[in-house]
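**Q** Okay, so here is data_21.cif, and as you'll see once you scroll down, it has mmCIF, C-alpha atoms.
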```
data_my_file
loop_
_atom_site.label_atom_id
_atom_site.label_comp_id
_atom_site.auth_asym_id
_atom_site.auth_seq_id
_atom_site.Cartn_x
_atom_site.Cartn_y
_atom_site.Cartn_z
CA MET A 14 31.91 18.30 21.00
CA SER A 15 35.15 18.78 22.89
CA GLN A 16 34.44 16.02 25.37
CA ALA A 17 34.27 12.42 24.26
CA VAL A 18 31.93 11.09 26.94
CA ALA A 19 29.73 8.06 26.56
CA VAL A 20 26.11 8.89 27.32
CA PRO A 21 24.52 6.23 29.55
CA GLU A 22 21.84 4.26 27.74
CA ASP A 23 19.03 5.23 30.07
CA MET A 24 19.60 8.95 29.55
CA GLU A 25 17.63 10.98 27.04
CA GLN A 26 18.69 14.24 25.45
CA VAL A 27 16.74 17.16 26.91
CA TYR A 28 18.65 19.97 25.27
CA ALA A 29 20.37 19.88 21.89
CA TYR A 30 21.91 22.51 19.63
CA PRO A 31 19.12 23.98 17.44
CA ARG A 32 19.30 22.92 13.80
CA SER A 33 18.47 26.44 12.62
CA LEU A 34 21.59 27.87 14.25
CA THR A 35 24.91 27.72 12.39
CA GLN A 36 28.02 26.39 14.14
CA ALA A 37 29.67 29.82 13.88
CA ASN A 38 31.07 31.33 17.06
CA SER A 39 29.28 34.64 17.61
CA HIS A 40 31.09 37.96 17.78
CA TYR A 41 28.95 39.08 20.73
CA CYS A 42 30.53 40.04 24.04
CA PRO A 43 30.42 37.43 26.83
CA GLY A 44 26.94 37.28 28.36
CA CYS A 45 25.19 39.21 25.58
CA VAL A 46 21.46 38.51 25.45
CA HIS A 47 21.53 38.57 21.63
CA GLY A 48 22.92 35.03 21.81
CA ILE A 49 19.96 33.88 23.91
CA VAL A 50 17.38 35.45 21.62
CA HIS A 51 19.11 34.14 18.45
CA ARG A 52 18.84 30.70 19.97
CA LEU A 53 15.13 31.18 20.81
CA VAL A 54 14.37 32.31 17.25
CA ALA A 55 16.25 29.26 15.90
CA GLU A 56 14.35 26.93 18.25
CA VAL A 57 11.02 28.42 17.17
CA ILE A 58 11.95 28.03 13.48
CA ASP A 59 12.88 24.39 14.21
CA GLU A 60 9.65 23.70 16.06
CA LEU A 61 7.50 25.24 13.33
CA GLY A 62 9.49 23.46 10.60
CA ILE A 63 9.79 26.63 8.51
CA ARG A 64 13.56 26.88 8.01
CA GLU A 65 13.48 26.29 4.27
CA LYS A 66 10.93 29.02 3.63
CA THR A 67 12.04 31.66 6.12
CA ILE A 68 13.82 34.86 5.12
CA GLY A 69 15.31 37.08 7.80
CA VAL A 70 16.13 40.77 7.48
CA ALA A 71 19.18 41.83 9.48
CA PRO A 72 19.51 45.25 11.13
CA VAL A 73 22.42 47.60 11.62
CA GLY A 74 23.86 47.44 15.11
CA CYS A 75 25.41 44.62 17.09
CA ALA A 76 23.04 42.12 15.45
CA VAL A 77 24.21 43.17 11.98
CA LEU A 78 25.85 39.75 11.59
CA VAL A 79 22.77 37.76 12.62
CA TYR A 80 22.81 36.23 9.11
CA ASN A 81 25.98 34.37 10.11
CA TYR A 82 24.20 32.70 13.01
CA ILE A 83 20.56 31.97 12.21
CA ASN A 84 20.60 29.40 9.44
CA THR A 85 17.87 30.72 7.14
CA ASP A 86 18.05 32.94 4.08
CA PHE A 87 18.90 36.50 5.06
CA VAL A 88 19.23 39.97 3.60
CA GLU A 89 20.90 42.96 5.20
CA ALA A 90 18.90 46.18 5.33
CA ALA A 91 20.08 49.78 5.51
CA HIS A 92 19.95 51.19 9.03
CA GLY A 93 16.38 51.03 10.33
CA ARG A 94 14.89 49.96 7.01
CA ALA A 95 14.41 46.28 7.82
CA PRO A 96 10.58 46.52 8.00
CA ALA A 97 10.48 48.22 4.58
CA MET A 98 12.69 45.55 3.07
CA ALA A 99 10.67 42.80 4.75
CA THR A 100 7.49 44.38 3.32
CA GLY A 101 8.89 44.12 -0.21
CA ILE A 102 10.03 40.53 0.21
CA LYS A 103 6.74 39.43 1.78
CA ARG A 104 4.65 41.09 -0.93
CA VAL A 105 6.70 39.53 -3.74
CA SER A 106 6.82 36.12 -2.05
CA PRO A 107 3.76 35.87 0.20
CA ASP A 108 4.40 32.17 0.79
CA LYS A 109 7.69 32.92 2.56
CA ILE A 110 7.97 33.60 6.27
CA VAL A 111 9.70 36.98 6.65
CA PHE A 112 11.04 38.35 9.91
CA THR A 113 13.13 41.31 10.98
CA TYR A 114 15.53 41.20 13.91
CA GLN A 115 16.27 44.71 15.15
CA GLY A 116 17.83 46.51 18.07
CA ASP A 117 16.60 49.68 19.73
CA GLY A 118 19.05 51.93 17.90
CA ASP A 119 17.79 50.50 14.63
CA LEU A 120 14.05 50.20 15.29
CA ALA A 121 13.38 53.04 17.74
CA ALA A 122 15.61 55.76 16.26
CA ILE A 123 16.43 55.85 12.56
CA GLY A 124 13.83 53.20 11.74
CA THR A 125 10.84 54.62 13.65
CA ALA A 126 8.94 55.59 10.51
CA GLU A 127 9.48 52.23 8.83
CA ILE A 128 8.35 50.13 11.78
CA ILE A 129 5.28 52.23 12.57
CA HIS A 130 4.06 52.28 8.99
CA ALA A 131 4.79 48.59 8.44
CA ALA A 132 2.73 47.85 11.55
CA ASN A 133 -0.01 50.25 10.53
CA ARG A 134 -0.26 48.72 7.06
CA GLY A 135 -0.65 45.36 8.73
CA GLU A 136 2.25 43.85 6.82
CA ARG A 137 2.31 40.13 7.42
CA ILE A 138 5.79 40.12 8.88
CA THR A 139 7.27 39.27 12.28
CA THR A 140 9.58 41.62 14.16
CA VAL A 141 11.91 40.66 17.01
CA PHE A 142 12.98 43.85 18.75
CA ILE A 143 15.88 43.81 21.23
CA ASN A 144 15.75 46.67 23.73
CA ASN A 145 18.85 47.13 25.88
CA ALA A 146 18.50 50.90 26.15
CA ILE A 147 21.82 51.71 24.50
CA TYR A 148 23.72 51.73 21.20
CA GLY A 149 26.05 48.78 21.65
CA MET A 150 28.10 48.49 18.48
CA THR A 151 29.08 52.15 18.18
CA GLY A 152 30.35 52.40 21.75
CA GLY A 153 27.49 52.81 24.17
CA GLN A 154 25.79 56.05 23.16
CA MET A 155 22.30 57.08 24.27
CA ALA A 156 19.44 55.42 22.40
CA PRO A 157 15.83 56.67 22.31
CA THR A 158 15.10 53.93 24.83
CA THR A 159 17.83 54.98 27.31
CA LEU A 160 16.33 55.59 30.75
CA GLU A 161 16.37 59.02 32.34
CA GLY A 162 19.50 59.46 34.43
CA MET A 163 21.26 56.58 32.69
CA ILE A 164 24.92 57.29 31.98
CA THR A 165 26.09 56.60 28.44
CA THR A 166 29.07 57.88 26.45
CA SER A 167 26.88 60.63 24.96
CA THR A 168 25.08 61.45 28.22
CA PRO A 169 28.00 61.42 30.68
CA GLY A 170 25.91 63.21 33.31
CA GLY A 171 22.95 60.86 32.85
CA ARG A 172 20.09 61.30 30.37
CA ASP A 173 18.32 64.58 31.04
CA HIS A 174 14.88 64.94 29.46
CA LEU A 175 15.33 68.71 29.04
CA LEU A 176 18.26 68.03 26.74
CA ALA A 177 17.61 64.57 25.30
CA GLY A 178 13.89 63.97 25.68
CA TYR A 179 12.18 61.04 27.31
CA PRO A 180 12.70 57.31 26.78
CA MET A 181 10.32 55.82 24.25
CA ARG A 182 7.99 52.87 24.82
CA MET A 183 7.88 51.44 21.31
CA SER A 184 5.61 48.46 21.91
CA GLU A 185 2.92 50.70 23.40
CA ILE A 186 3.17 52.89 20.28
CA LEU A 187 3.02 49.94 17.87
CA ALA A 188 0.01 48.53 19.71
CA GLN A 189 -1.95 51.67 18.69
CA THR A 190 -1.71 50.79 15.01
CA ALA A 191 -4.71 49.17 13.41
CA GLY A 192 -2.66 46.70 11.39
CA ALA A 193 -0.86 45.10 14.33
CA VAL A 194 -2.40 41.84 15.54
CA TYR A 195 0.13 40.95 18.23
CA VAL A 196 2.45 43.26 20.16
CA ALA A 197 4.15 42.00 23.32
CA ARG A 198 7.08 42.85 25.54
CA GLU A 199 9.05 40.15 27.35
CA ALA A 200 12.38 40.06 29.15
CA ALA A 201 15.08 37.45 28.46
CA LEU A 202 16.62 38.11 31.86
CA ASP A 203 15.82 34.94 33.80
CA LEU A 204 14.62 31.39 33.08
CA ALA A 205 10.90 32.15 33.30
CA GLY A 206 11.36 35.25 31.16
CA ILE A 207 13.36 33.33 28.55
CA ARG A 208 10.59 30.72 28.31
CA ARG A 209 7.94 33.44 28.00
CA THR A 210 10.02 35.19 25.35
CA LYS A 211 10.18 32.00 23.32
CA ARG A 212 6.40 31.53 23.52
CA ALA A 213 5.86 35.12 22.43
CA ILE A 214 8.24 34.75 19.47
CA LYS A 215 6.46 31.54 18.48
CA ARG A 216 3.10 33.29 18.66
CA ALA A 217 4.43 36.12 16.50
CA PHE A 218 5.62 33.65 13.85
CA LEU A 219 2.34 31.72 14.00
CA ALA A 220 0.40 34.96 13.44
CA GLN A 221 2.34 35.38 10.19
CA ILE A 222 1.97 31.74 9.17
CA HIS A 223 -1.79 32.18 9.50
CA GLY A 224 -1.64 35.45 7.54
CA LEU A 225 -3.17 37.54 10.31
CA GLY A 226 -1.08 40.73 10.21
CA PHE A 227 1.87 42.47 11.80
CA ALA A 228 3.32 40.86 14.93
CA SER A 229 6.20 42.05 17.08
CA VAL A 230 7.94 40.96 20.25
CA GLU A 231 10.08 43.42 22.19
CA VAL A 232 12.69 41.71 24.35
CA LEU A 233 14.33 43.53 27.26
CA ALA A 234 18.04 42.71 27.18
CA THR A 235 21.38 43.77 28.60
CA CYS A 236 24.59 45.33 27.35
CA PRO A 237 27.14 44.25 29.99
CA THR A 238 30.07 45.85 28.16
CA ASN A 239 28.60 49.32 27.72
CA TRP A 240 26.74 49.33 31.01
CA GLY A 241 29.99 48.45 32.76
CA LEU A 242 28.47 45.53 34.67
CA ASP A 243 29.24 41.83 34.66
CA PRO A 244 26.65 39.79 32.73
CA TRP A 245 24.79 38.52 35.79
CA ALA A 246 24.73 41.93 37.52
CA ALA A 247 23.54 43.46 34.23
CA MET A 248 20.58 41.07 34.17
CA GLN A 249 19.61 42.03 37.73
CA TRP A 250 20.01 45.74 36.92
CA ALA A 251 17.84 45.35 33.84
CA LYS A 252 15.09 43.51 35.70
CA GLU A 253 14.95 46.24 38.30
CA ASN A 254 15.38 49.34 36.14
CA LEU A 255 14.34 48.51 32.56
CA GLY A 256 11.52 46.39 33.97
CA ALA A 257 10.23 49.34 36.00
CA PHE A 258 9.96 51.64 33.00
CA TYR A 259 9.08 49.06 30.35
CA PRO A 260 6.26 46.90 31.74
CA LEU A 261 6.11 43.30 30.52
CA ASP A 262 2.76 42.85 28.89
CA THR A 263 0.85 41.85 25.79
CA PHE A 264 -0.26 45.23 24.51
CA LYS A 265 -2.32 43.97 21.64
CA ILE A 266 -3.59 40.53 20.73
CA THR A 267 -6.51 39.84 18.46
CA ASP A 268 -8.91 36.97 19.09
CA GLU A 269 -7.49 35.10 16.08
CA VAL A 270 -3.95 35.30 17.49
CA LYS A 271 -5.18 34.33 20.94
CA ALA A 272 -6.75 31.20 19.44
CA LEU A 273 -3.48 30.04 17.84
CA PRO A 274 -2.03 26.91 19.43
CA VAL A 275 1.38 27.94 20.78
CA MET B 1 24.38 7.76 39.94
CA ALA B 2 23.67 11.21 38.56
CA LEU B 3 20.19 12.13 37.37
CA GLY B 4 21.55 14.24 34.57
CA MET B 5 24.60 15.02 32.55
CA VAL B 6 25.83 18.07 30.66
CA LEU B 7 28.33 18.07 27.84
CA ILE B 8 30.25 21.32 27.50
CA ASP B 9 31.57 22.56 24.19
CA VAL B 10 34.55 24.17 25.89
CA ASP B 11 35.78 26.21 22.94
CA ARG B 12 32.39 27.92 22.38
CA CYS B 13 32.33 29.20 25.98
CA LYS B 14 33.09 32.88 26.60
CA GLY B 15 33.22 32.53 30.37
CA CYS B 16 30.33 34.95 30.99
CA GLY B 17 29.32 32.98 34.09
CA LEU B 18 25.53 33.27 33.67
CA CYS B 19 25.18 29.49 34.01
CA THR B 20 27.19 29.44 37.24
CA HIS B 21 24.58 31.73 38.81
CA ILE B 22 21.52 29.96 37.40
CA CYS B 23 22.50 26.33 38.19
CA PRO B 24 20.13 25.20 41.00
CA VAL B 25 22.62 22.69 42.37
CA SER B 26 25.63 25.01 42.02
CA ILE B 27 27.90 22.61 40.18
CA LEU B 28 29.10 24.95 37.44
CA ALA B 29 32.18 27.12 37.86
CA LEU B 30 34.61 28.89 35.58
CA SER B 31 37.85 26.99 35.19
CA LYS B 32 40.35 29.52 36.48
CA ASP B 33 43.37 27.37 35.63
CA THR B 34 42.62 26.75 31.96
CA LEU B 35 41.98 28.80 28.86
CA ASN B 36 40.08 27.72 25.79
CA VAL B 37 41.18 28.45 22.21
CA ARG B 38 39.48 31.84 22.36
CA GLY B 39 41.31 32.87 25.52
CA TYR B 40 38.40 32.59 27.95
CA HIS B 41 38.20 30.66 31.19
CA PRO B 42 35.55 28.12 30.19
CA VAL B 43 32.84 26.72 32.42
CA MET B 44 33.29 23.26 33.94
CA VAL B 45 31.22 20.87 36.06
CA THR B 46 32.55 20.61 39.60
CA ASP B 47 30.42 17.62 40.67
CA THR B 48 29.13 15.41 37.87
CA GLU B 49 27.18 13.22 40.33
CA ALA B 50 25.03 16.13 41.49
CA CYS B 51 23.68 17.13 38.05
CA ILE B 52 19.89 16.86 37.83
CA GLY B 53 19.64 17.43 34.09
CA CYS B 54 17.32 20.43 34.45
CA ALA B 55 18.84 22.24 31.44
CA SER B 56 18.73 25.63 33.17
CA CYS B 57 22.32 26.22 32.02
CA ALA B 58 21.33 25.53 28.43
CA MET B 59 18.37 27.91 28.71
CA ILE B 60 20.47 30.88 29.84
CA CYS B 61 23.64 30.24 27.83
CA PRO B 62 24.05 32.87 25.08
CA ASP B 63 26.57 30.71 23.24
CA VAL B 64 24.80 27.32 23.19
CA VAL B 65 27.66 25.61 24.99
CA PHE B 66 25.59 22.89 26.68
CA THR B 67 24.05 19.65 25.54
CA VAL B 68 21.95 18.19 28.34
CA TYR B 69 20.89 14.63 29.10
CA ARG B 70 18.50 13.44 31.76
CA ARG B 71 17.82 9.97 33.04
CA ARG B 72 14.56 8.51 31.79
CA ARG B 73 11.62 8.63 34.16
CA GLU B 74 11.75 4.89 35.05
CA THR B 75 15.37 4.90 36.15
CA ARG B 76 15.01 8.34 37.72
CA SER B 77 12.61 7.04 40.36
CA ALA B 78 14.86 4.00 40.88
CA VAL B 79 17.81 6.34 41.46
CA ALA B 80 15.77 8.38 43.92
CA ARG B 81 14.75 5.21 45.80
CA THR B 82 18.36 4.05 46.02
CA ALA B 83 19.45 7.48 47.24
CA SER B 84 16.73 7.56 49.90
CA ALA B 85 17.61 4.02 50.99
CA GLN B 86 21.24 4.98 51.29
CA ALA B 87 20.23 7.98 53.36
CA GLY B 88 18.28 5.64 55.62
CA VAL B 89 14.91 7.19 54.77
CA ILE B 90 13.51 3.88 53.59
CA SER B 91 14.78 0.80 55.38
CA GLY B 92 15.37 -2.27 53.25
#
```
Just dump the structure as structure tokens.
**A**
Amino acid sequence: MSQAVAVPEDMEQVYAYPRSLTQANSHYCPGCVHGIVHRLVAEVIDELGIREKTIGVAPVGCAVLVYNYINTDFVEAAHGRAPAMATGIKRVSPDKIVFTYQGDGDLAAIGTAEIIHAANRGERITTVFINNAIYGMTGGQMAPTTLEGMITTSTPGGRDHLLAGYPMRMSEILAQTAGAVYVAREAALDLAGIRRTKRAIKRAFLAQIHGLGFASVEVLATCPTNWGLDPWAAMQWAKENLGAFYPLDTFKITDEVKALPV
Amino acid sequence: MALGMVLIDVDRCKGCGLCTHICPVSILALSKDTLNVRGYHPVMVTDTEACIGCASCAMICPDVVFTVYRRRRETRSAVARTASAQAGVISG
């Protein structure tokens, strides 16, 4: 703590640094929503008391260094292959809690096959999927989730469906699979949304703890740097535009998952 | 007497400003005159007495800069009574 301030005796701590987050300073740009969602995952791991038996699988993309920040065991997967790697780990060590943390470039493009089949097989893993409609790390190119008309470095005139196809709603696709027990989309773009996102992530982890099947949470996020907006303006833009195309909803929830105490 | 208190880990802050927009009592601002070790203008509290300890800043901060304290319920109502009395809402 940089400030040495005495806390009055009649004050109680209402927010403290999560134990499952390392002290490392993140490499993310100022205002990046990855930081918020990392923190939510760490808080959920703290609350469920599963840090010592959790194994994360890191993606390729901006969140490639997530293993430096969330303080659980981690492995790094090849681009898009996190669900396949998580499948292997979970099957070898079914008593571990295994989660993947993936961006839209990782999960919705090169990793589409892996995520759909992992969900369809009903692998008992948890996926946190960050959708900011752009490739961040490589310099702001179009992702499968980029909205029509959105300007990126590879669609300088705006995404045109005749040339680049339509944006993809991954959660709606995953909800079609028989093996998925919980598929939800939330937005970490305001306080209420951040709280809802945390509840959804907790539910997705609980579904795995109870051995119910595949669970995923898509989180709408921002990329202030590549969108060319300041962090606050990016959040407002995302609520208005991403929110319009990607509805916030629980697309699939089985009765067993619904009954879990979150 | 403030209802809440935030501690700021100045050198973790990247000056993104999300907290300055979300704070319901508008007491957070970027310190334009100082830089932290990472070269950002860090956030600071402009009026420590006005903090209500709601932890909104901590909820939106991507870099976990804030630790938040809030006065316990018993003293909180006492503080509110004193404030109202001072404002002349309750006499005596």
**Q** Translate the PyMOL selection byres ((chain B and resi 38-42) around 7) into a concrete residue list for this structure, as a list in words.
**A**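 Those residues are Val10, Asp11, Cys13, Lys14, Gly15, Leu30, Ser31, Lys32, Thr34, Leu35, Asn36, Val37, Val43 and Met44 of chain B.
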**Q** List the residues selected by the PyMOL selection byres ((chain A) within 8 of (chain B)) in the file shown, writing them as a VMD selection string.
**A** chain A and resid 14 to 16 18 20 23 to 30 38 to 39 43 to 50 52 203 to 204 207 243 to 245
**Q** I'd like the residues picked by the PyMOL selection byres ((chain A and resi 62-79) around 7) written out as a ChimeraX atom specification, using the chain letters and numbers from the file.
**A** /A:33,58-61,80-83,85-93,95,99,109-116,119,149-150
**Q** A:Ala132, A:Leu120, A:Ala201, A:Val141: which is nearest Leu255 of chain A, counting only C-alpha atoms?
**A**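 Nearest to Leu255 of chain A: A:Ala201.
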**Q** With all atoms listed in the file as the basis for distance, which of A:Pro169, A:Pro260, A:Gly153, A:Pro180 is at the shortest distance from Glu231 of chain A?
**A**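 Looking only at the distances to Glu231 of chain A, the closest residue turns out to be A:Pro260.
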**Q** Can you complete the atoms of segment 111-122 of chain A to all heavy atoms and list them as a PDB file, in the frame of the given file?
**A**
```
ATOM      1  N   VAL A 111       8.715  35.898   6.640  1.00  0.00           N
ATOM      2  CA  VAL A 111       9.700  36.980   6.650  1.00  0.00           C
ATOM      3  C   VAL A 111       9.734  37.619   8.039  1.00  0.00           C
ATOM      4  O   VAL A 111       8.698  37.995   8.578  1.00  0.00           O
ATOM      5  CB  VAL A 111       9.352  38.043   5.586  1.00  0.00           C
ATOM      6  CG1 VAL A 111      10.444  39.103   5.523  1.00  0.00           C
ATOM      7  CG2 VAL A 111       9.172  37.390   4.224  1.00  0.00           C
ATOM      8  N   PHE A 112      10.940  37.702   8.604  1.00  0.00           N
ATOM      9  CA  PHE A 112      11.040  38.350   9.910  1.00  0.00           C
ATOM     10  C   PHE A 112      12.191  39.344   9.933  1.00  0.00           C
ATOM     11  O   PHE A 112      13.165  39.209   9.208  1.00  0.00           O
ATOM     12  CB  PHE A 112      11.178  37.320  11.045  1.00  0.00           C
ATOM     13  CG  PHE A 112      12.542  36.674  11.155  1.00  0.00           C
ATOM     14  CD1 PHE A 112      13.464  37.134  12.096  1.00  0.00           C
ATOM     15  CD2 PHE A 112      12.897  35.615  10.352  1.00  0.00           C
ATOM     16  CE1 PHE A 112      14.712  36.529  12.227  1.00  0.00           C
ATOM     17  CE2 PHE A 112      14.148  35.006  10.467  1.00  0.00           C
ATOM     18  CZ  PHE A 112      15.056  35.457  11.393  1.00  0.00           C
ATOM     19  N   THR A 113      12.031  40.381  10.758  1.00  0.00           N
ATOM     20  CA  THR A 113      13.130  41.310  10.980  1.00  0.00           C
ATOM     21  C   THR A 113      13.626  41.099  12.402  1.00  0.00           C
ATOM     22  O   THR A 113      12.873  40.720  13.290  1.00  0.00           O
ATOM     23  CB  THR A 113      12.709  42.789  10.818  1.00  0.00           C
ATOM     24  OG1 THR A 113      11.890  43.169  11.927  1.00  0.00           O
ATOM     25  CG2 THR A 113      11.949  43.018   9.537  1.00  0.00           C
ATOM     26  N   TYR A 114      14.911  41.315  12.580  1.00  0.00           N
ATOM     27  CA  TYR A 114      15.530  41.200  13.910  1.00  0.00           C
ATOM     28  C   TYR A 114      16.243  42.518  14.119  1.00  0.00           C
ATOM     29  O   TYR A 114      17.191  42.827  13.406  1.00  0.00           O
ATOM     30  CB  TYR A 114      16.505  40.017  13.909  1.00  0.00           C
ATOM     31  CG  TYR A 114      17.128  39.746  15.271  1.00  0.00           C
ATOM     32  CD1 TYR A 114      16.691  38.678  16.055  1.00  0.00           C
ATOM     33  CD2 TYR A 114      18.147  40.550  15.763  1.00  0.00           C
ATOM     34  CE1 TYR A 114      17.247  38.426  17.295  1.00  0.00           C
ATOM     35  CE2 TYR A 114      18.695  40.306  17.007  1.00  0.00           C
ATOM     36  CZ  TYR A 114      18.252  39.242  17.762  1.00  0.00           C
ATOM     37  OH  TYR A 114      18.807  39.003  18.992  1.00  0.00           O
ATOM     38  N   GLN A 115      15.748  43.350  15.038  1.00  0.00           N
ATOM     39  CA  GLN A 115      16.270  44.710  15.150  1.00  0.00           C
ATOM     40  C   GLN A 115      16.559  45.098  16.592  1.00  0.00           C
ATOM     41  O   GLN A 115      15.901  44.630  17.513  1.00  0.00           O
ATOM     42  CB  GLN A 115      15.232  45.695  14.583  1.00  0.00           C
ATOM     43  CG  GLN A 115      14.860  45.439  13.125  1.00  0.00           C
ATOM     44  CD  GLN A 115      13.740  46.360  12.666  1.00  0.00           C
ATOM     45  OE1 GLN A 115      12.591  45.976  12.646  1.00  0.00           O
ATOM     46  NE2 GLN A 115      14.091  47.588  12.325  1.00  0.00           N
ATOM     47  N   GLY A 116      17.532  45.976  16.745  1.00  0.00           N
ATOM     48  CA  GLY A 116      17.830  46.510  18.070  1.00  0.00           C
ATOM     49  C   GLY A 116      17.120  47.835  18.283  1.00  0.00           C
ATOM     50  O   GLY A 116      16.417  48.322  17.391  1.00  0.00           O
ATOM     51  N   ASP A 117      17.319  48.433  19.442  1.00  0.00           N
ATOM     52  CA  ASP A 117      16.600  49.680  19.730  1.00  0.00           C
ATOM     53  C   ASP A 117      17.186  50.867  18.969  1.00  0.00           C
ATOM     54  O   ASP A 117      16.453  51.794  18.622  1.00  0.00           O
ATOM     55  CB  ASP A 117      16.519  49.955  21.236  1.00  0.00           C
ATOM     56  CG  ASP A 117      17.838  49.792  21.970  1.00  0.00           C
ATOM     57  OD1 ASP A 117      18.788  49.275  21.354  1.00  0.00           O
ATOM     58  OD2 ASP A 117      17.925  50.172  23.134  1.00  0.00           O
ATOM     59  N   GLY A 118      18.483  50.846  18.693  1.00  0.00           N
ATOM     60  CA  GLY A 118      19.050  51.930  17.900  1.00  0.00           C
ATOM     61  C   GLY A 118      18.514  51.903  16.480  1.00  0.00           C
ATOM     62  O   GLY A 118      18.326  52.936  15.834  1.00  0.00           O
ATOM     63  N   ASP A 119      18.255  50.701  16.003  1.00  0.00           N
ATOM     64  CA  ASP A 119      17.790  50.500  14.630  1.00  0.00           C
ATOM     65  C   ASP A 119      16.284  50.770  14.523  1.00  0.00           C
ATOM     66  O   ASP A 119      15.841  51.569  13.702  1.00  0.00           O
ATOM     67  CB  ASP A 119      18.109  49.051  14.246  1.00  0.00           C
ATOM     68  CG  ASP A 119      17.869  48.748  12.781  1.00  0.00           C
ATOM     69  OD1 ASP A 119      18.756  49.068  11.972  1.00  0.00           O
ATOM     70  OD2 ASP A 119      16.814  48.184  12.462  1.00  0.00           O
ATOM     71  N   LEU A 120      15.515  50.143  15.403  1.00  0.00           N
ATOM     72  CA  LEU A 120      14.050  50.200  15.290  1.00  0.00           C
ATOM     73  C   LEU A 120      13.454  51.475  15.880  1.00  0.00           C
ATOM     74  O   LEU A 120      12.514  52.039  15.333  1.00  0.00           O
ATOM     75  CB  LEU A 120      13.447  48.964  15.961  1.00  0.00           C
ATOM     76  CG  LEU A 120      11.924  48.812  15.946  1.00  0.00           C
ATOM     77  CD1 LEU A 120      11.544  47.358  15.767  1.00  0.00           C
ATOM     78  CD2 LEU A 120      11.268  49.360  17.204  1.00  0.00           C
ATOM     79  N   ALA A 121      14.027  51.937  17.012  1.00  0.00           N
ATOM     80  CA  ALA A 121      13.380  53.040  17.740  1.00  0.00           C
ATOM     81  C   ALA A 121      13.938  54.411  17.370  1.00  0.00           C
ATOM     82  O   ALA A 121      13.391  55.420  17.783  1.00  0.00           O
ATOM     83  CB  ALA A 121      13.508  52.812  19.247  1.00  0.00           C
ATOM     84  N   ALA A 122      15.045  54.459  16.614  1.00  0.00           N
ATOM     85  CA  ALA A 122      15.610  55.760  16.260  1.00  0.00           C
ATOM     86  C   ALA A 122      15.457  56.000  14.758  1.00  0.00           C
ATOM     87  O   ALA A 122      14.449  56.501  14.300  1.00  0.00           O
ATOM     88  CB  ALA A 122      17.072  55.831  16.689  1.00  0.00           C
TER      89      ALA A 122
END
```
